[in-house]
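Here the structure is laid out as C-alpha coordinates; the discussion comes afterwards.
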Number of protein chains: 2
Amino acid sequence: MAITTYCLHHHPLDPPSRRVRLAMGEKALTYDTIIEKPWEPREEYLELNPAGEVPTLVITTDDEEVILGDATAICEFLEETHVGTNLIGKDPVARAEVRRLINWFEHKTYQEVTLLLVGEKAFKKLRGEGQPDSAMIRAGYHNIHGHLDYIGWLAGQRNWLAGDQITLADLAAAAQISAVDYIGDVPWQQHPEAKEWYARIKSRPSFRPLLGDHIPGFLPPETYADLDF
Amino acid sequence: MAITTYCLHHHPLDPPSRRVRLAMGEKALTYDTIIEKPWEPREEYLELNPAGEVPTLVITTDDEEVILGDATAICEFLEETHVGTNLIGKDPVARAEVRRLINWFEHKTYQEVTLLLVGEKAFKKLRGEGQPDSAMIRAGYHNIHGHLDYIGWLAGQRNWLAGDQITLADLAAAAQISAVDYIGDVPWQQHPEAKEWYARIKSRPSFRPLLGDHIPGFLPPETYADLDF
(Lines give C-alpha, C1' and ligand atoms only; values in the text may rest on other atoms or scores of the structure.)
Protein backbone atom coordinates (compact mmCIF):
# COMPACT_ATOMS: atom_id res chain seq x y z
CA MET A 1 0.00 0.00 0.00
CA ALA A 2 1.28 3.45 -0.91
CA ILE A 3 2.46 5.57 2.00
CA THR A 4 1.21 9.15 1.90
CA THR A 5 3.13 11.86 3.71
CA TYR A 6 2.01 15.42 4.30
CA CYS A 7 4.17 18.48 4.81
CA LEU A 8 2.50 21.79 5.67
CA HIS A 9 4.33 25.07 5.09
CA HIS A 10 2.70 27.64 7.36
CA HIS A 11 3.10 30.59 9.70
CA PRO A 12 1.86 30.16 13.30
CA LEU A 13 -0.07 33.45 13.38
CA ASP A 14 -1.55 33.22 9.86
CA PRO A 15 -5.27 32.38 10.22
CA PRO A 16 -5.68 30.35 6.99
CA SER A 17 -2.64 28.29 8.05
CA ARG A 18 -4.32 27.76 11.42
CA ARG A 19 -7.49 26.59 9.68
CA VAL A 20 -5.58 23.93 7.75
CA ARG A 21 -3.72 22.78 10.89
CA LEU A 22 -7.04 22.43 12.73
CA ALA A 23 -8.61 20.56 9.79
CA MET A 24 -5.68 18.14 9.61
CA GLY A 25 -5.89 17.67 13.37
CA GLU A 26 -9.63 16.92 13.22
CA LYS A 27 -8.87 14.40 10.47
CA ALA A 28 -6.18 12.86 12.72
CA LEU A 29 -3.53 13.21 10.00
CA THR A 30 0.13 13.05 10.95
CA TYR A 31 2.12 15.72 9.14
CA ASP A 32 5.40 17.56 9.12
CA THR A 33 5.42 21.32 9.43
CA ILE A 34 7.80 23.97 8.15
CA ILE A 35 7.41 27.56 9.32
CA GLU A 36 7.66 30.11 6.51
CA LYS A 37 7.87 33.89 6.67
CA PRO A 38 5.64 35.05 3.80
CA TRP A 39 7.09 38.57 4.02
CA GLU A 40 10.61 37.28 3.28
CA PRO A 41 10.08 33.94 1.51
CA ARG A 42 12.97 31.50 1.07
CA GLU A 43 14.05 30.72 -2.50
CA GLU A 44 13.08 27.07 -2.02
CA TYR A 45 9.64 28.10 -0.82
CA LEU A 46 9.05 30.33 -3.84
CA GLU A 47 9.55 27.25 -6.01
CA LEU A 48 6.60 25.62 -4.23
CA ASN A 49 4.47 28.76 -4.02
CA PRO A 50 5.62 31.57 -6.37
CA ALA A 51 3.59 34.19 -4.46
CA GLY A 52 5.32 33.16 -1.22
CA GLU A 53 1.96 32.93 0.53
CA VAL A 54 1.06 30.47 3.27
CA PRO A 55 -0.21 27.80 3.65
CA THR A 56 1.10 25.29 1.11
CA LEU A 57 0.50 21.56 1.58
CA VAL A 58 2.81 19.06 -0.10
CA ILE A 59 1.33 15.56 -0.37
CA THR A 60 3.80 12.84 -1.36
CA THR A 61 2.97 9.27 -2.33
CA ASP A 62 5.14 6.58 -3.95
CA ASP A 63 4.37 7.82 -7.43
CA GLU A 64 3.46 11.47 -7.21
CA GLU A 65 3.84 14.75 -5.39
CA VAL A 66 0.90 17.15 -5.18
CA ILE A 67 1.52 20.77 -4.20
CA LEU A 68 -1.54 22.69 -3.05
CA GLY A 69 -1.75 26.38 -2.16
CA ASP A 70 -4.63 28.35 -0.57
CA ALA A 71 -6.40 27.16 2.59
CA THR A 72 -9.78 26.77 0.88
CA ALA A 73 -8.32 24.77 -2.00
CA ILE A 74 -6.44 22.56 0.48
CA CYS A 75 -9.45 21.94 2.73
CA GLU A 76 -11.79 21.24 -0.21
CA PHE A 77 -9.19 18.81 -1.64
CA LEU A 78 -9.03 16.89 1.65
CA GLU A 79 -12.85 16.68 1.67
CA GLU A 80 -13.08 15.60 -2.00
CA THR A 81 -10.50 12.88 -1.57
CA HIS A 82 -12.30 11.70 1.58
CA VAL A 83 -9.34 12.04 3.90
CA GLY A 84 -10.52 11.45 7.50
CA THR A 85 -13.66 12.87 9.10
CA ASN A 86 -16.06 14.88 6.90
CA LEU A 87 -15.81 18.56 7.93
CA ILE A 88 -18.16 20.16 5.40
CA GLY A 89 -21.44 18.24 5.71
CA LYS A 90 -23.25 16.20 3.09
CA ASP A 91 -26.35 18.11 2.03
CA PRO A 92 -25.55 20.75 -0.64
CA VAL A 93 -27.52 23.47 1.18
CA ALA A 94 -25.70 22.74 4.45
CA ARG A 95 -22.38 22.76 2.60
CA ALA A 96 -23.25 26.16 1.09
CA GLU A 97 -23.77 27.53 4.60
CA VAL A 98 -20.39 26.16 5.70
CA ARG A 99 -18.71 27.84 2.72
CA ARG A 100 -20.53 31.12 3.29
CA LEU A 101 -19.33 31.19 6.88
CA ILE A 102 -15.76 30.24 5.97
CA ASN A 103 -15.58 33.25 3.66
CA TRP A 104 -17.23 35.45 6.26
CA PHE A 105 -14.61 34.63 8.89
CA GLU A 106 -11.64 34.33 6.56
CA HIS A 107 -12.29 37.63 4.79
CA LYS A 108 -14.75 39.80 6.73
CA THR A 109 -13.52 38.97 10.23
CA TYR A 110 -9.95 39.03 8.95
CA GLN A 111 -10.25 42.49 7.35
CA GLU A 112 -12.29 44.03 10.17
CA VAL A 113 -10.57 42.46 13.18
CA THR A 114 -7.54 40.21 12.76
CA LEU A 115 -5.67 42.39 10.28
CA LEU A 116 -6.20 45.47 12.46
CA LEU A 117 -5.06 43.81 15.70
CA VAL A 118 -2.70 40.94 14.83
CA GLY A 119 -1.55 42.71 11.67
CA GLU A 120 -0.66 45.91 13.50
CA LYS A 121 0.64 44.50 16.78
CA ALA A 122 2.36 41.29 15.67
CA PHE A 123 3.07 41.14 11.93
CA LYS A 124 4.33 44.73 11.74
CA LYS A 125 6.81 43.94 14.53
CA LEU A 126 7.81 40.58 13.01
CA ARG A 127 8.35 42.27 9.63
CA GLY A 128 10.33 45.09 11.25
CA GLU A 129 7.91 47.71 9.92
CA GLY A 130 7.79 49.90 12.99
CA GLN A 131 5.05 50.99 15.35
CA PRO A 132 1.42 49.86 15.17
CA ASP A 133 -1.15 52.41 13.97
CA SER A 134 -3.30 53.27 16.99
CA ALA A 135 -6.31 54.22 14.85
CA MET A 136 -6.30 50.77 13.27
CA ILE A 137 -6.05 49.09 16.67
CA ARG A 138 -8.96 51.15 18.01
CA ALA A 139 -11.03 50.13 14.97
CA GLY A 140 -10.14 46.47 15.59
CA TYR A 141 -11.16 46.72 19.28
CA HIS A 142 -14.45 48.27 18.18
CA ASN A 143 -15.18 45.76 15.41
CA ILE A 144 -14.39 42.59 17.38
CA HIS A 145 -17.58 42.88 19.45
CA GLY A 146 -19.88 42.45 16.44
CA HIS A 147 -17.92 39.44 15.25
CA LEU A 148 -17.97 37.77 18.69
CA ASP A 149 -21.70 38.53 18.95
CA TYR A 150 -22.26 36.78 15.63
CA ILE A 151 -20.24 33.72 16.72
CA GLY A 152 -22.17 33.60 20.00
CA TRP A 153 -25.49 33.95 18.18
CA LEU A 154 -24.67 31.16 15.71
CA ALA A 155 -23.42 28.85 18.48
CA GLY A 156 -26.62 29.51 20.44
CA GLN A 157 -28.80 28.52 17.47
CA ARG A 158 -26.93 25.50 16.26
CA ASN A 159 -24.54 23.74 18.69
CA TRP A 160 -21.68 24.32 16.23
CA LEU A 161 -21.53 27.38 13.98
CA ALA A 162 -22.93 25.82 10.80
CA GLY A 163 -25.09 23.05 12.31
CA ASP A 164 -25.05 20.07 14.63
CA GLN A 165 -21.57 18.89 13.69
CA ILE A 166 -18.24 20.68 13.86
CA THR A 167 -17.25 21.90 10.37
CA LEU A 168 -14.67 23.98 8.56
CA ALA A 169 -16.79 27.01 9.52
CA ASP A 170 -15.90 26.50 13.19
CA LEU A 171 -12.26 26.00 12.27
CA ALA A 172 -12.22 29.19 10.15
CA ALA A 173 -13.72 31.19 13.02
CA ALA A 174 -11.36 29.63 15.58
CA ALA A 175 -8.40 30.34 13.29
CA GLN A 176 -9.15 34.09 13.38
CA ILE A 177 -10.11 34.30 17.05
CA SER A 178 -7.17 32.19 18.25
CA ALA A 179 -4.73 34.47 16.40
CA VAL A 180 -6.26 37.47 18.20
CA ASP A 181 -6.18 35.49 21.47
CA TYR A 182 -2.44 34.90 20.96
CA ILE A 183 -1.95 38.63 21.48
CA GLY A 184 -4.45 38.66 24.37
CA ASP A 185 -6.97 40.94 22.64
CA VAL A 186 -10.21 38.95 22.84
CA PRO A 187 -12.63 40.54 25.36
CA TRP A 188 -13.97 37.18 26.60
CA GLN A 189 -15.70 38.52 29.70
CA GLN A 190 -18.13 40.54 27.58
CA HIS A 191 -18.98 37.60 25.29
CA PRO A 192 -19.96 34.53 27.34
CA GLU A 193 -21.71 32.74 24.43
CA ALA A 194 -18.68 33.04 22.13
CA LYS A 195 -16.45 32.05 25.07
CA GLU A 196 -18.48 28.89 25.69
CA TRP A 197 -18.07 27.91 22.01
CA TYR A 198 -14.34 28.73 22.07
CA ALA A 199 -13.83 26.72 25.28
CA ARG A 200 -15.35 23.69 23.54
CA ILE A 201 -13.22 23.97 20.42
CA LYS A 202 -10.08 24.90 22.38
CA SER A 203 -10.29 21.67 24.38
CA ARG A 204 -10.28 19.43 21.30
CA PRO A 205 -7.10 17.45 20.52
CA SER A 206 -6.84 19.24 17.14
CA PHE A 207 -6.21 22.51 18.99
CA ARG A 208 -3.20 21.33 21.02
CA PRO A 209 -0.51 22.10 18.42
CA LEU A 210 -1.82 25.69 18.14
CA LEU A 211 -1.80 26.16 21.90
CA GLY A 212 1.86 25.12 21.91
CA ASP A 213 2.88 27.86 19.45
CA HIS A 214 5.64 30.11 20.73
CA ILE A 215 6.91 32.69 18.28
CA PRO A 216 10.44 33.75 19.30
CA GLY A 217 10.40 37.23 20.78
CA PHE A 218 6.62 37.31 20.78
CA LEU A 219 5.20 35.04 23.46
CA PRO A 220 1.45 34.73 24.15
CA PRO A 221 -0.17 35.58 27.50
CA GLU A 222 -0.64 32.64 29.89
CA THR A 223 -4.38 32.51 29.24
CA TYR A 224 -3.76 31.70 25.56
CA ALA A 225 -3.03 28.01 26.23
CA ASP A 226 -5.14 27.74 29.40
CA LEU A 227 -8.32 25.68 28.88
CA ASP A 228 -9.89 27.46 31.87
CA PHE A 229 -9.41 31.00 30.55
CA MET B 1 -41.75 17.93 -13.30
CA ALA B 2 -40.88 20.60 -10.78
CA ILE B 3 -40.13 24.02 -12.24
CA THR B 4 -37.08 25.69 -10.78
CA THR B 5 -36.76 29.47 -10.88
CA TYR B 6 -33.72 31.50 -10.00
CA CYS B 7 -33.59 35.08 -8.77
CA LEU B 8 -30.21 36.75 -8.33
CA HIS B 9 -29.86 39.80 -6.08
CA HIS B 10 -26.71 41.60 -7.19
CA HIS B 11 -24.97 44.88 -7.89
CA PRO B 12 -23.68 45.48 -11.45
CA LEU B 13 -20.20 46.62 -10.35
CA ASP B 14 -19.70 44.06 -7.59
CA PRO B 15 -17.16 41.49 -8.84
CA PRO B 16 -18.49 38.44 -6.94
CA SER B 17 -21.97 39.26 -8.33
CA ARG B 18 -20.42 39.40 -11.81
CA ARG B 19 -18.82 36.00 -11.27
CA VAL B 20 -22.19 34.43 -10.44
CA ARG B 21 -23.87 36.12 -13.44
CA LEU B 22 -21.14 34.75 -15.73
CA ALA B 23 -21.42 31.27 -14.20
CA MET B 24 -25.19 31.23 -14.66
CA GLY B 25 -24.73 32.45 -18.23
CA GLU B 26 -22.19 29.70 -18.99
CA LYS B 27 -24.68 27.21 -17.56
CA ALA B 28 -27.38 28.72 -19.82
CA LEU B 29 -29.72 29.29 -16.87
CA THR B 30 -32.59 31.73 -17.22
CA TYR B 31 -32.91 33.90 -14.12
CA ASP B 32 -34.46 37.07 -12.80
CA THR B 33 -32.25 39.79 -11.41
CA ILE B 34 -32.81 42.42 -8.74
CA ILE B 35 -30.23 45.15 -8.24
CA GLU B 36 -29.37 45.79 -4.59
CA LYS B 37 -27.32 48.57 -3.04
CA PRO B 38 -25.31 46.80 -0.33
CA TRP B 39 -24.38 50.14 1.25
CA GLU B 40 -28.06 50.97 1.90
CA PRO B 41 -29.85 47.61 1.89
CA ARG B 42 -33.64 47.42 1.65
CA GLU B 43 -35.49 45.94 4.63
CA GLU B 44 -36.77 43.08 2.43
CA TYR B 45 -33.23 42.32 1.30
CA LEU B 46 -31.93 42.17 4.87
CA GLU B 47 -34.45 39.40 5.49
CA LEU B 48 -32.76 37.36 2.74
CA ASN B 49 -29.22 38.37 3.63
CA PRO B 50 -28.83 39.90 7.12
CA ALA B 51 -25.42 41.37 6.28
CA GLY B 52 -26.90 43.11 3.22
CA GLU B 53 -24.08 41.77 1.06
CA VAL B 54 -24.38 40.78 -2.58
CA PRO B 55 -24.84 38.38 -4.29
CA THR B 56 -27.75 36.32 -2.96
CA LEU B 57 -29.35 33.62 -5.10
CA VAL B 58 -32.92 32.50 -4.37
CA ILE B 59 -33.80 29.13 -5.91
CA THR B 60 -37.50 28.28 -5.86
CA THR B 61 -39.06 24.93 -6.72
CA ASP B 62 -42.60 23.61 -6.12
CA ASP B 63 -41.79 22.47 -2.63
CA GLU B 64 -38.91 24.55 -1.35
CA GLU B 65 -37.03 27.82 -1.45
CA VAL B 66 -33.27 27.85 -1.02
CA ILE B 67 -31.52 31.13 -0.19
CA LEU B 68 -27.77 31.17 -0.83
CA GLY B 69 -25.33 33.96 -0.01
CA ASP B 70 -21.65 34.33 -0.99
CA ALA B 71 -20.44 33.89 -4.58
CA THR B 72 -18.23 30.90 -3.75
CA ALA B 73 -21.00 29.12 -1.86
CA ILE B 74 -23.41 29.79 -4.76
CA CYS B 75 -21.02 28.62 -7.47
CA GLU B 76 -20.00 25.48 -5.55
CA PHE B 77 -23.70 24.70 -4.96
CA LEU B 78 -24.43 24.93 -8.69
CA GLU B 79 -21.51 22.57 -9.38
CA GLU B 80 -22.50 20.09 -6.65
CA THR B 81 -26.09 19.90 -7.83
CA HIS B 82 -24.84 19.43 -11.42
CA VAL B 83 -26.66 22.43 -12.86
CA GLY B 84 -25.52 22.93 -16.49
CA THR B 85 -21.93 22.76 -17.76
CA ASN B 86 -19.18 21.79 -15.30
CA LEU B 87 -17.09 24.89 -14.55
CA ILE B 88 -14.67 23.51 -11.95
CA GLY B 89 -13.11 20.45 -13.58
CA LYS B 90 -13.25 16.84 -12.45
CA ASP B 91 -9.83 15.87 -11.13
CA PRO B 92 -9.34 16.94 -7.49
CA VAL B 93 -5.91 18.48 -8.19
CA ALA B 94 -7.28 20.49 -11.12
CA ARG B 95 -10.21 21.61 -8.98
CA ALA B 96 -7.78 22.75 -6.28
CA GLU B 97 -6.03 24.94 -8.85
CA VAL B 98 -9.38 26.46 -9.92
CA ARG B 99 -10.20 27.26 -6.29
CA ARG B 100 -6.74 28.70 -5.60
CA LEU B 101 -7.11 31.03 -8.56
CA ILE B 102 -10.67 32.05 -7.63
CA ASN B 103 -9.41 33.19 -4.23
CA TRP B 104 -6.42 34.88 -5.81
CA PHE B 105 -8.58 37.01 -8.09
CA GLU B 106 -11.49 37.52 -5.72
CA HIS B 107 -9.34 38.59 -2.79
CA LYS B 108 -5.80 39.50 -3.92
CA THR B 109 -6.74 41.20 -7.19
CA TYR B 110 -9.75 42.76 -5.49
CA GLN B 111 -7.74 44.23 -2.60
CA GLU B 112 -4.80 45.35 -4.72
CA VAL B 113 -6.61 46.60 -7.82
CA THR B 114 -10.42 46.64 -7.97
CA LEU B 115 -11.01 48.11 -4.53
CA LEU B 116 -8.47 50.87 -5.18
CA LEU B 117 -9.86 51.84 -8.60
CA VAL B 118 -13.54 50.86 -8.74
CA GLY B 119 -13.91 51.32 -4.99
CA GLU B 120 -12.48 54.85 -5.05
CA LYS B 121 -13.85 56.09 -8.37
CA ALA B 122 -17.25 54.41 -8.55
CA PHE B 123 -18.49 53.07 -5.20
CA LYS B 124 -17.43 56.16 -3.26
CA LYS B 125 -19.45 58.28 -5.69
CA LEU B 126 -22.43 55.90 -5.67
CA ARG B 127 -22.40 55.87 -1.86
CA GLY B 128 -22.09 59.68 -1.75
CA GLU B 129 -18.84 59.46 0.23
CA GLY B 130 -16.98 62.25 -1.53
CA GLN B 131 -13.81 62.44 -3.57
CA PRO B 132 -11.61 59.49 -4.44
CA ASP B 133 -8.26 59.21 -2.66
CA SER B 134 -5.59 59.89 -5.29
CA ALA B 135 -2.93 57.86 -3.43
CA MET B 136 -5.20 54.81 -3.56
CA ILE B 137 -5.85 55.31 -7.27
CA ARG B 138 -2.12 55.63 -7.99
CA ALA B 139 -1.53 52.39 -6.07
CA GLY B 140 -4.27 50.68 -8.11
CA TYR B 141 -2.73 51.87 -11.40
CA HIS B 142 0.62 50.53 -10.25
CA ASN B 143 -0.69 47.17 -9.03
CA ILE B 144 -2.85 46.34 -12.04
CA HIS B 145 0.19 45.60 -14.23
CA GLY B 146 1.32 42.65 -12.12
CA HIS B 147 -2.19 41.19 -12.10
CA LEU B 148 -2.57 41.55 -15.89
CA ASP B 149 0.88 40.01 -16.35
CA TYR B 150 -0.19 37.02 -14.27
CA ILE B 151 -3.41 36.59 -16.28
CA GLY B 152 -1.44 36.83 -19.52
CA TRP B 153 1.14 34.33 -18.27
CA LEU B 154 -1.52 31.82 -17.18
CA ALA B 155 -3.42 32.18 -20.47
CA GLY B 156 -0.18 31.65 -22.38
CA GLN B 157 0.52 28.39 -20.52
CA ARG B 158 -2.90 26.86 -20.51
CA ASN B 159 -5.46 28.13 -23.08
CA TRP B 160 -7.79 29.11 -20.22
CA LEU B 161 -6.50 30.30 -16.85
CA ALA B 162 -6.75 27.01 -14.94
CA GLY B 163 -6.40 24.55 -17.83
CA ASP B 164 -7.81 23.55 -21.21
CA GLN B 165 -11.42 24.34 -20.36
CA ILE B 166 -13.02 27.57 -19.21
CA THR B 167 -13.64 27.42 -15.45
CA LEU B 168 -14.77 29.56 -12.53
CA ALA B 169 -11.16 30.82 -12.36
CA ASP B 170 -11.60 32.61 -15.70
CA LEU B 171 -14.95 33.97 -14.55
CA ALA B 172 -13.47 35.23 -11.26
CA ALA B 173 -10.66 37.01 -13.14
CA ALA B 174 -13.07 38.43 -15.73
CA ALA B 175 -15.37 39.63 -12.94
CA GLN B 176 -12.59 41.79 -11.49
CA ILE B 177 -11.13 43.00 -14.78
CA SER B 178 -14.52 43.81 -16.31
CA ALA B 179 -15.44 45.96 -13.30
CA VAL B 180 -12.20 47.92 -13.79
CA ASP B 181 -12.91 48.06 -17.55
CA TYR B 182 -16.33 49.60 -16.80
CA ILE B 183 -14.47 52.66 -15.52
CA GLY B 184 -12.01 52.50 -18.44
CA ASP B 185 -8.95 51.84 -16.29
CA VAL B 186 -7.47 48.68 -17.84
CA PRO B 187 -4.22 49.47 -19.73
CA TRP B 188 -4.92 46.94 -22.51
CA GLN B 189 -2.28 48.24 -24.94
CA GLN B 190 0.51 47.26 -22.53
CA HIS B 191 -0.86 43.75 -21.93
CA PRO B 192 -1.54 41.99 -25.26
CA GLU B 193 -1.64 38.47 -23.76
CA ALA B 194 -4.23 39.42 -21.13
CA LYS B 195 -6.14 41.33 -23.82
CA GLU B 196 -6.25 38.26 -26.08
CA TRP B 197 -7.72 36.21 -23.20
CA TYR B 198 -10.21 38.96 -22.33
CA ALA B 199 -11.30 39.30 -25.98
CA ARG B 200 -12.11 35.59 -26.01
CA ILE B 201 -14.13 35.63 -22.80
CA LYS B 202 -15.80 38.95 -23.64
CA SER B 203 -17.21 37.50 -26.87
CA ARG B 204 -18.99 34.62 -25.12
CA PRO B 205 -22.80 34.77 -24.82
CA SER B 206 -22.48 34.63 -21.02
CA PHE B 207 -20.81 38.06 -21.11
CA ARG B 208 -23.58 39.91 -22.97
CA PRO B 209 -25.68 40.85 -19.92
CA LEU B 210 -22.60 42.40 -18.27
CA LEU B 211 -21.77 44.40 -21.39
CA GLY B 212 -25.29 45.81 -21.29
CA ASP B 213 -24.88 47.20 -17.76
CA HIS B 214 -25.59 50.92 -17.47
CA ILE B 215 -25.49 52.32 -13.96
CA PRO B 216 -27.55 55.55 -13.86
CA GLY B 217 -25.29 58.57 -13.64
CA PHE B 218 -22.21 56.41 -14.17
CA LEU B 219 -21.98 55.24 -17.77
CA PRO B 220 -19.06 53.14 -19.08
CA PRO B 221 -16.76 54.27 -21.92
CA GLU B 222 -17.72 53.04 -25.41
CA THR B 223 -14.90 50.50 -25.47
CA TYR B 224 -16.44 48.69 -22.47
CA ALA B 225 -19.05 46.88 -24.58
CA ASP B 226 -17.02 46.85 -27.83
CA LEU B 227 -15.77 43.37 -28.77
CA ASP B 228 -13.03 44.99 -30.87
CA PHE B 229 -11.56 47.12 -28.06
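Chain identifiers are assigned as A, B, and so on, following the order in which chains appear in the C-alpha coordinates; residues are numbered from 1 within each chain, and ligands are numbered from 1 in order of appearance.
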Taking only C-alpha atoms into account, report as an NGL selection string which residues of chain A lie within 9 Å of chain B. :A and (66-74 or 76-77 or 80-81 or 92-93 or 95-101 or 103-104 or 107)
Which residues are close to Glu196 of chain B, i.e. within 10 Å by only C-alpha atoms, leaving aside same-chain residues fewer than 5 positions away? Reply as a list of chain:residue names.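 Contacts, in chain order: B:Gly152, B:Ala155, B:Gly156, B:Trp188, B:His191, B:Ile201, B:Lys202.
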Do you know which residues are at most 9 Å from Thr114 of chain A counting only C-alpha atoms, after dropping those on the same chain fewer than 6 positions away, and could you put them as a PyMOL selection string? chain A and resi 15+120+140+144+176-177+179-180
